[in-house]
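Dropping upload-v7.txt in here (compact mmCIF, C-alpha atoms):
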# COMPACT_ATOMS: atom_id res chain seq x y z
CA MET A 3 0.00 0.00 0.00
CA ASN A 4 1.22 3.52 -0.80
CA PRO A 5 2.84 4.85 2.41
CA LYS A 6 1.56 8.35 1.58
CA LEU A 7 -1.98 7.10 2.23
CA LEU A 8 -0.96 6.03 5.72
CA HIS A 9 1.02 9.15 6.53
CA GLY A 10 -1.89 11.54 7.09
CA ASN A 11 -3.76 9.02 9.23
CA LEU A 12 -1.01 8.03 11.61
CA GLU A 13 -2.13 10.18 14.51
CA PRO A 14 -5.67 8.75 14.74
CA ILE A 15 -4.30 5.21 14.30
CA VAL A 16 -1.92 5.65 17.25
CA ILE A 17 -4.66 7.28 19.35
CA LYS A 18 -7.15 4.51 18.51
CA LEU A 19 -4.66 1.78 19.46
CA LEU A 20 -3.79 3.51 22.74
CA LEU A 21 -7.49 3.94 23.52
CA GLU A 22 -8.10 0.23 23.00
CA GLN A 23 -4.93 -1.17 24.55
CA GLY A 24 -4.41 1.26 27.43
CA GLU A 25 -0.64 1.49 27.11
CA LEU A 26 1.83 0.48 24.42
CA TYR A 27 5.52 0.90 23.64
CA GLY A 28 6.90 2.01 20.28
CA TYR A 29 7.84 -1.33 18.78
CA GLU A 30 4.57 -2.86 20.00
CA ILE A 31 2.62 -0.24 18.02
CA THR A 32 4.48 -1.10 14.79
CA THR A 33 3.83 -4.84 15.23
CA LEU A 34 0.18 -4.25 16.16
CA VAL A 35 -0.43 -2.16 13.03
CA LYS A 36 1.29 -4.81 10.92
CA GLY A 37 -0.76 -7.58 12.52
CA ILE A 38 -4.16 -5.89 12.45
CA SER A 39 -3.74 -4.76 8.85
CA ASN A 40 -2.48 -8.18 7.74
CA MET A 41 0.89 -6.69 6.76
CA LYS A 42 -0.80 -4.20 4.44
CA LEU A 43 0.22 -1.23 6.56
CA VAL A 44 3.85 -1.02 7.62
CA LEU A 45 4.44 1.68 10.18
CA THR A 46 8.13 2.54 10.04
CA GLU A 47 10.14 3.81 13.01
CA GLY A 48 10.86 6.99 11.08
CA ALA A 49 7.14 7.71 10.89
CA LEU A 50 5.99 6.43 14.27
CA TYR A 51 8.34 8.14 16.73
CA PRO A 52 7.88 11.68 15.39
CA ILE A 53 4.13 11.19 15.85
CA LEU A 54 4.59 9.86 19.38
CA HIS A 55 6.93 12.73 20.29
CA LYS A 56 4.57 15.27 18.75
CA LEU A 57 1.57 13.88 20.64
CA GLU A 58 3.60 13.85 23.84
CA ALA A 59 4.68 17.49 23.33
CA LYS A 60 1.02 18.45 22.78
CA GLY A 61 0.06 16.64 25.97
CA THR A 62 -2.28 14.23 24.15
CA ILE A 63 -0.30 11.26 25.44
CA THR A 64 1.93 10.71 28.46
CA SER A 65 4.75 8.25 28.92
CA GLU A 66 6.30 6.16 31.64
CA THR A 67 9.64 4.37 31.44
CA ARG A 68 10.05 0.99 33.14
CA LYS A 69 12.82 -1.60 33.23
CA VAL A 70 11.98 -4.62 31.08
CA ASP A 71 14.38 -7.39 29.95
CA ASN A 72 17.74 -5.73 30.74
CA ARG A 73 16.73 -2.37 29.28
CA PHE A 74 14.38 0.55 29.77
CA ARG A 75 11.15 0.70 27.85
CA LYS A 76 8.97 3.75 27.33
CA TYR A 77 5.23 3.09 27.53
CA TYR A 78 2.77 5.56 26.08
CA ARG A 79 -0.83 6.11 27.14
CA LEU A 80 -3.54 8.68 26.47
CA SER A 81 -3.66 11.63 28.86
CA PRO A 82 -6.84 11.37 30.94
CA ASP A 83 -7.46 15.13 30.68
CA LYS A 84 -7.33 15.01 26.86
CA LYS A 85 -9.88 12.20 26.53
CA LYS A 86 -12.60 14.52 25.22
CA GLU A 87 -10.27 15.87 22.54
CA THR A 88 -9.10 12.42 21.43
CA THR A 89 -12.65 11.04 21.32
CA ALA A 90 -13.64 13.99 19.11
CA GLN A 91 -10.64 13.35 16.86
CA LEU A 92 -11.60 9.69 16.46
CA ALA A 93 -15.23 10.58 15.76
CA GLU A 94 -14.02 12.94 13.05
CA MET A 95 -11.86 10.17 11.58
CA ASP A 96 -14.84 7.80 11.60
CA GLN A 97 -16.91 10.36 9.75
CA TYR A 98 -14.10 10.80 7.22
CA ILE A 99 -13.91 7.02 6.64
CA GLN A 100 -17.69 6.84 6.14
CA THR A 101 -17.49 9.68 3.62
CA LEU A 102 -14.70 7.91 1.71
CA ILE A 103 -16.74 4.68 1.60
CA HIS A 104 -19.71 6.68 0.40
CA ILE A 105 -17.62 8.16 -2.43
CA PHE A 106 -15.68 5.07 -3.48
CA ASN A 107 -18.24 2.39 -2.81
CA PRO A 108 -21.75 3.88 -2.59
CA LYS A 109 -23.33 0.42 -2.67
CA LEU A 110 -22.05 -0.26 0.87
CA THR A 111 -23.73 2.80 2.39
CA MET B 7 4.27 -12.30 14.11
CA ALA B 8 2.36 -15.54 13.85
CA ILE B 9 2.78 -17.91 16.79
CA ASP B 10 4.03 -20.67 14.45
CA ASP B 11 6.95 -18.42 13.43
CA ILE B 12 8.39 -18.39 16.95
CA LYS B 13 11.23 -20.90 17.30
CA ARG B 14 12.59 -19.80 20.70
CA ASN B 15 12.02 -17.21 23.41
CA LEU B 16 15.29 -15.33 23.46
CA ILE B 17 15.89 -12.13 25.39
CA LEU B 18 19.01 -10.06 24.75
CA ASN B 19 21.50 -10.08 27.62
CA GLU B 20 23.17 -7.06 29.20
CA GLU B 21 26.27 -7.36 27.05
CA GLU B 22 24.21 -7.30 23.85
CA ILE B 23 22.22 -4.32 25.12
CA SER B 24 25.49 -2.57 25.86
CA LYS B 25 26.63 -3.31 22.29
CA LEU B 26 23.43 -1.69 21.05
CA PHE B 27 24.21 1.48 23.04
CA THR B 28 27.67 1.56 21.45
CA PHE B 29 26.11 1.00 18.03
CA VAL B 30 23.56 3.79 18.49
CA ARG B 31 26.32 6.15 19.66
CA SER B 32 28.46 5.23 16.65
CA LYS B 33 25.54 6.31 14.45
CA GLY B 34 25.68 9.82 15.86
CA VAL B 35 23.19 9.71 18.74
CA ARG B 36 25.05 11.41 21.57
CA TYR B 37 22.14 11.86 23.98
CA ILE B 38 21.83 9.12 26.58
CA ASP B 39 18.12 9.69 27.23
CA VAL B 40 17.28 9.40 23.52
CA SER B 41 19.47 6.30 23.11
CA HIS B 42 17.33 4.34 25.59
CA GLU B 43 14.23 4.44 23.40
CA ILE B 44 16.16 3.59 20.22
CA VAL B 45 17.95 0.72 21.98
CA ASP B 46 14.67 -0.76 23.20
CA HIS B 47 13.23 -0.52 19.70
CA LEU B 48 16.26 -2.19 18.12
CA ALA B 49 16.40 -4.84 20.85
CA SER B 50 12.71 -5.73 20.43
CA ALA B 51 13.12 -6.02 16.65
CA ILE B 52 16.33 -8.08 17.00
CA GLU B 53 14.68 -10.44 19.49
CA GLU B 54 11.78 -10.93 17.08
CA GLN B 55 14.17 -11.77 14.22
CA MET B 56 16.30 -14.11 16.35
CA ASN B 57 13.24 -15.86 17.76
CA LYS B 58 12.04 -16.55 14.24
CA SER B 59 15.35 -18.02 13.10
CA GLU B 60 17.47 -20.15 15.44
CA THR B 61 20.61 -19.76 13.31
CA LEU B 62 20.55 -15.98 13.14
CA THR B 63 23.29 -14.31 15.21
CA PHE B 64 22.93 -11.05 17.12
CA GLU B 65 25.13 -9.18 14.64
CA GLN B 66 23.19 -10.51 11.64
CA ALA B 67 19.87 -9.60 13.23
CA LEU B 68 21.13 -6.09 14.05
CA SER B 69 22.26 -5.62 10.48
CA GLN B 70 18.85 -6.76 9.18
CA VAL B 71 16.96 -4.51 11.56
CA TYR B 72 19.11 -1.45 10.86
CA SER B 73 18.79 -1.93 7.10
CA VAL B 74 15.10 -1.00 7.39
CA PHE B 75 16.01 2.42 8.79
CA PRO B 76 16.35 5.27 6.27
CA ILE B 77 19.77 6.27 4.93
CA THR B 78 19.88 9.04 7.54
CA GLY B 79 19.81 6.41 10.30
CA PHE B 80 18.56 7.82 13.59
CA TYR B 81 18.98 11.46 12.58
CA HIS B 82 15.27 12.02 11.97
CA PHE B 83 14.41 10.34 15.26
CA VAL B 84 16.69 12.68 17.24
CA GLN B 85 15.59 15.72 15.26
CA GLU B 86 11.91 15.08 16.00
CA LYS B 87 12.66 14.56 19.67
CA GLU B 88 14.53 17.90 19.68
CA LYS B 89 11.56 19.60 18.05
CA ALA B 90 9.16 18.08 20.59
CA LEU B 91 11.29 19.31 23.50
CA SER B 92 11.60 22.78 21.97
CA LYS B 93 7.82 22.94 21.79
CA PHE B 94 7.64 21.80 25.40
CA TRP B 95 9.94 24.63 26.58
CA TYR B 96 8.15 27.27 24.51
CA LYS B 97 4.96 26.18 26.23
CA VAL B 98 6.69 26.50 29.61
CA ILE B 99 7.77 30.08 28.77
CA LYS B 100 4.27 30.89 27.56
CA ASP B 101 2.70 29.48 30.74
CA TYR B 102 5.10 31.57 32.83
CA ALA B 103 4.36 34.77 30.88
CA VAL B 104 0.60 34.13 31.00
CA SER B 105 0.79 33.54 34.76
CA TYR B 106 1.98 37.16 35.10
CA VAL B 107 -0.38 38.73 32.62
CA ASN B 108 -3.58 36.98 33.70
CA SER B 109 -3.26 37.36 37.45
CA PRO B 110 -2.74 39.94 40.21
CA LYS B 111 0.97 39.25 39.75
CA ILE B 112 0.92 41.84 37.00
CA LEU B 113 0.68 44.46 39.77
CA ILE B 114 4.08 43.29 41.06
CA LEU B 115 5.48 43.74 37.57
CA ILE B 116 3.98 47.23 37.20
CA GLY B 117 5.23 48.10 40.71
CA LEU B 118 8.76 46.98 39.83
CA LEU B 119 8.70 48.92 36.57
CA ALA B 120 7.42 52.05 38.35
CA THR B 121 10.08 51.73 41.08
CA ILE B 122 12.95 51.41 38.59
CA PHE B 123 11.53 54.23 36.47
CA SER B 124 11.10 56.57 39.46
CA ALA B 125 14.54 55.75 40.87
CA VAL B 126 16.30 56.40 37.55
CA TYR B 127 14.20 59.44 36.72
CA VAL B 128 14.66 61.02 40.16
CA PHE B 129 18.20 59.93 41.11
CA GLY B 130 19.62 59.89 37.59
CA GLN B 131 22.86 58.19 36.68
CA THR B 132 23.58 56.73 40.15
CA ALA B 133 20.30 54.78 40.07
CA ALA B 134 20.85 53.62 36.46
CA VAL B 135 24.36 52.39 37.32
CA THR B 136 23.09 50.61 40.45
CA VAL B 137 20.19 48.92 38.61
CA SER B 138 22.47 47.78 35.74
CA PHE B 139 25.06 46.53 38.18
CA VAL B 140 22.47 44.59 40.22
CA ALA B 141 21.12 43.02 37.02
CA PHE B 142 24.65 42.04 35.98
CA LEU B 143 25.43 40.53 39.41
CA LEU B 144 22.15 38.59 39.32
CA ASN B 145 23.07 37.29 35.88
CA LEU B 146 26.41 36.05 37.21
CA TYR B 147 24.62 34.39 40.10
CA TYR B 148 22.20 32.61 37.70
CA ILE B 149 25.10 31.37 35.58
CA TYR B 150 26.80 30.05 38.72
CA SER B 151 23.57 28.44 39.96
CA ASP B 152 23.06 26.74 36.56
CA TYR B 153 26.65 25.53 36.62
CA LYS B 154 26.08 24.02 40.08
CA TYR B 155 22.89 22.32 38.90
CA PHE B 156 24.52 20.82 35.80
CA LYS B 157 27.97 20.27 37.34
CA ASN B 158 27.63 16.47 37.54
CA LEU B 159 26.83 16.25 33.85
CA ILE B 160 29.57 18.67 32.83
CA VAL B 161 32.17 16.71 34.84
CA LYS B 162 31.00 13.33 33.48
CA LYS B 163 30.79 14.79 29.95
CA GLU B 164 27.43 13.07 29.54
CA GLU B 165 24.83 14.55 27.26
CA TYR B 166 21.08 14.35 27.76
CA LEU B 167 18.69 15.98 25.35
CA ILE B 168 16.36 17.03 28.16
CA PHE B 169 19.19 19.19 29.60
CA ASN B 170 20.56 20.36 26.27
CA SER B 171 17.09 21.54 25.33
CA TYR B 172 16.95 23.62 28.52
CA TYR B 173 17.95 26.76 26.60
CA PHE B 174 17.64 29.10 29.57
CA ARG B 175 21.13 28.38 30.80
CA PHE B 176 22.61 29.33 27.43
CA VAL B 177 20.45 32.44 27.22
CA ASN B 178 21.75 33.63 30.59
CA VAL B 179 25.34 33.29 29.40
CA PHE B 180 24.33 35.17 26.26
CA PHE B 181 22.88 38.00 28.37
CA ALA B 182 26.04 38.49 30.44
CA PRO B 183 28.06 40.67 28.00
CA PHE B 184 24.98 42.79 27.22
CA LEU B 185 24.36 43.46 30.89
CA LEU B 186 28.02 44.26 31.44
CA PHE B 187 27.91 46.60 28.45
CA SER B 188 24.74 48.23 29.79
CA PHE B 189 26.48 48.76 33.16
CA ILE B 190 29.60 50.26 31.53
CA GLU B 191 27.45 52.45 29.30
CA SER B 192 25.43 53.85 32.16
CA SER B 193 28.48 54.35 34.38
CA PHE B 194 30.92 55.98 31.97
CA PHE B 195 29.32 57.17 28.80
CA THR B 196 25.82 58.06 30.01
CA ARG B 197 24.35 57.46 26.57
CA ILE B 198 20.92 57.07 28.18
CA ASN B 199 19.40 60.51 28.27
CA LEU B 200 18.08 60.45 31.83
CA ALA B 201 16.02 63.58 31.25
CA SER B 202 14.02 61.81 28.54
CA PRO B 203 11.09 59.85 30.05
CA ILE B 204 10.80 57.66 26.93
CA GLN B 205 14.42 56.52 27.19
CA VAL B 206 14.07 55.94 30.91
CA ILE B 207 10.84 53.94 30.36
CA LEU B 208 12.63 51.85 27.72
CA PHE B 209 15.58 51.25 30.04
CA SER B 210 13.25 50.38 32.98
CA THR B 211 11.15 48.03 30.82
CA ILE B 212 14.20 46.12 29.59
CA ILE B 213 15.56 45.75 33.12
CA THR B 214 12.13 44.72 34.50
CA LEU B 215 11.67 42.10 31.76
CA TYR B 216 15.18 40.83 32.38
CA LEU B 217 14.47 40.51 36.12
CA LEU B 218 11.21 38.68 35.34
CA TRP B 219 13.08 36.32 33.00
CA SER B 220 15.82 35.72 35.57
CA TYR B 221 13.32 35.04 38.32
CA GLY B 222 11.72 32.47 36.02
CA CYS B 223 15.13 30.86 35.42
CA LEU B 224 15.76 30.54 39.13
CA THR B 225 12.31 29.32 40.09
CA TYR B 226 9.63 28.30 37.56
CA PHE B 227 11.78 27.02 34.65
CA LYS B 228 14.07 25.05 36.92
CA GLU B 229 11.12 23.60 38.82
CA ARG B 230 9.56 22.45 35.54
CA LEU B 231 12.87 20.87 34.55
CA SER B 232 13.13 19.03 37.88
CA GLN B 233 9.49 17.94 37.60
CA GLU B 234 10.04 16.67 34.06
CA VAL B 235 13.16 14.75 35.10
CA LYS B 236 11.32 13.28 38.11
CA THR B 237 8.33 12.21 36.01
CA ASN B 238 9.84 11.04 32.73
CA TYR B 239 13.53 10.41 33.41
CA LYS B 240 13.48 8.81 36.85
CA HIS B 241 14.97 5.64 35.33
CA LEU B 242 18.23 7.48 34.58
CA ASN B 243 20.41 7.85 37.66
CA ASN B 244 22.06 11.03 38.94
CA LEU B 245 20.31 13.40 36.60
CA GLY B 246 20.64 16.99 37.73
CA ASN B 247 21.05 17.65 41.45

Go through the file and emit its structure as structure tokens.
Amino acid sequence: MNPKLLHGNLEPIVIKLLLEQGELYGYEITTLVKGISNMKLVLTEGALYPILHKLEAKGTITSETRKVDNRFRKYYRLSPDKKKETTAQLAEMDQYIQTLIHIFNPKLT
Amino acid sequence: MAIDDIKRNLILNEEEISKLFTFVRSKGVRYIDVSHEIVDHLASAIEEQMNKSETLTFEQALSQVYSVFPITGFYHFVQEKEKALSKFWYKVIKDYAVSYVNSPKILILIGLLATIFSAVYVFGQTAAVTVSFVAFLLNLYYIYSDYKYFKNLIVKKEEYLIFNSYYFRFVNVFFAPFLLFSFIESSFFTRINLASPIQVILFSTIITLYLLWSYGCLTYFKERLSQEVKTNYKHLNNLGN
């Protein structure tokens, strides 16, 4: 799949996964996206971490570092005080997906 | 990864993790705090590769994993982290400024400005020299206090992005010659026309803003740094004092 298609939708994908899973670390997010999409979407490190750092700087997500298997691992989770904002962002994404389906495959709607 | 793909449940040992730190450093990542996240990512990917293939060595797995990274290696990763921290500090400065504008604290600021203005306007050059000198001394004190705070890191020659992004300490060093110049100007050359209220207001405003900035460096900014270190960097030992 063209990576450009994924690029604009990375933020809502990360938010959605964090909402469902509670907390995740970077590598886990890349493997989850690969697994859920049946290898159709490959989230590279170069694309994922900038999004995580950006969301963290905005305060949308928070992180906690814990020692796991001889090294430190940074876990990300959604900020509780930004829940309203993230829910609105996901609702907007859902609406966008429905609109795309309506345009590309009207029979389904 | 499908469960059938897993051939073993290998976890990298401390020596291999240490090799990863050396590898990451050799690729130009000099910040210890940033290295930790990259190392965990590489280690997780290497473990996955090695668990899929029993014959794959650590070095081979590392080479495979790193080949997926762009030609710029970890540069983009570090750059984005730098940008995120810059945004964080701008927000801290904004919060500090807003805390003065949107609260009764603004009266303190106006009071300080009025005091400096009156002193310089009434007592002339003596007051201007005293105010400039006090500002310069304070600046030296802030530089010393920053040096004390970061001494451990300077001695160990360790670099952490969270501290390198704390621009305030560099800004204070930058201010020093200007404050010294301002003191020399007001003591010897008297370029400030003390009979002109506009020039005195300008002088008083600059000094007041500098004092506000310096107070922030000693209290609010440093507290936010300590808080950030305590919350997000507690896993790294001996950070700051």

- Message: Between CA of Glu21 (chain B) and CA of Asn238 (chain B), what is the distance in Å, rounded to a tenth?
- Response: 25.3 Å

- Query: Residues of chain B within 10 Å of chain A, using all atoms listed in the file, as a ChimeraX atom specification?
  - Reply: /B:7-8,17-24,42-51,74-76,78-95,97,237-242

Contacts of region 84-86 of chain A at 10 Å (all atoms listed in the file; same-chain gap of 2+ positions) as a compact mmCIF listing (two decimals) with C-alpha atoms, in the frame of the given file:
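The file below, out-v4.txt, is the result:
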# COMPACT_ATOMS: atom_id res chain seq x y z
CA LEU A 21 -7.49 3.94 23.52
CA LYS A 60 1.02 18.45 22.78
CA GLY A 61 0.06 16.64 25.97
CA THR A 62 -2.28 14.23 24.15
CA ILE A 63 -0.30 11.26 25.44
CA LEU A 80 -3.54 8.68 26.47
CA SER A 81 -3.66 11.63 28.86
CA PRO A 82 -6.84 11.37 30.94
CA THR A 88 -9.10 12.42 21.43
CA THR A 89 -12.65 11.04 21.32
CA ALA A 90 -13.64 13.99 19.11
CA GLN A 91 -10.64 13.35 16.86

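From CA of Gln66 (chain B) back to CA of Leu16 (chain B), the distance works out to 15.0 Å.
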
- Message: What's around region 212-227 of chain B at 9 Å? Count all atoms listed in the file, leave out sequence neighbours fewer than 2 positions away in its own chain, and write the answer as a ChimeraX atom specification.
- Response: /B:95,98-99,102,115-116,118-119,122,137-138,141,144-145,148,151-152,172,174-175,178,207-210,229-232

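The spacing separating CA of Glu13 (chain A) from CA of Ile103 (chain A) amounts to 20.3 Å.
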
Kindly compute an axis-aligned box around the listed atoms of region 84-97 of chain A, allowing 5 Å on each side, and express its centre and edge lengths in Å to one decimal as lines of an AutoDock Vina configuration file.
center_x = -12.1
center_y = 11.8
center_z = 18.3
size_x = 19.6
size_y = 18.1
size_z = 27.1

- Task: Between B:Phe27, B:Pro203, B:Ile190, B:Thr63, single out the one closest to Thr136 (chain B), counting only C-alpha atoms.
- Result: B:Ile190

- List every protein, DNA or RNA residue with an atom no more than 12 Å from (-4.3, -1.1, 8.7) in the file's coordinates, counting all atoms listed in the file, and format the result as a PyMOL selection string. chain A and resi 3-5+7-9+11-12+14-16+18-19+31-45
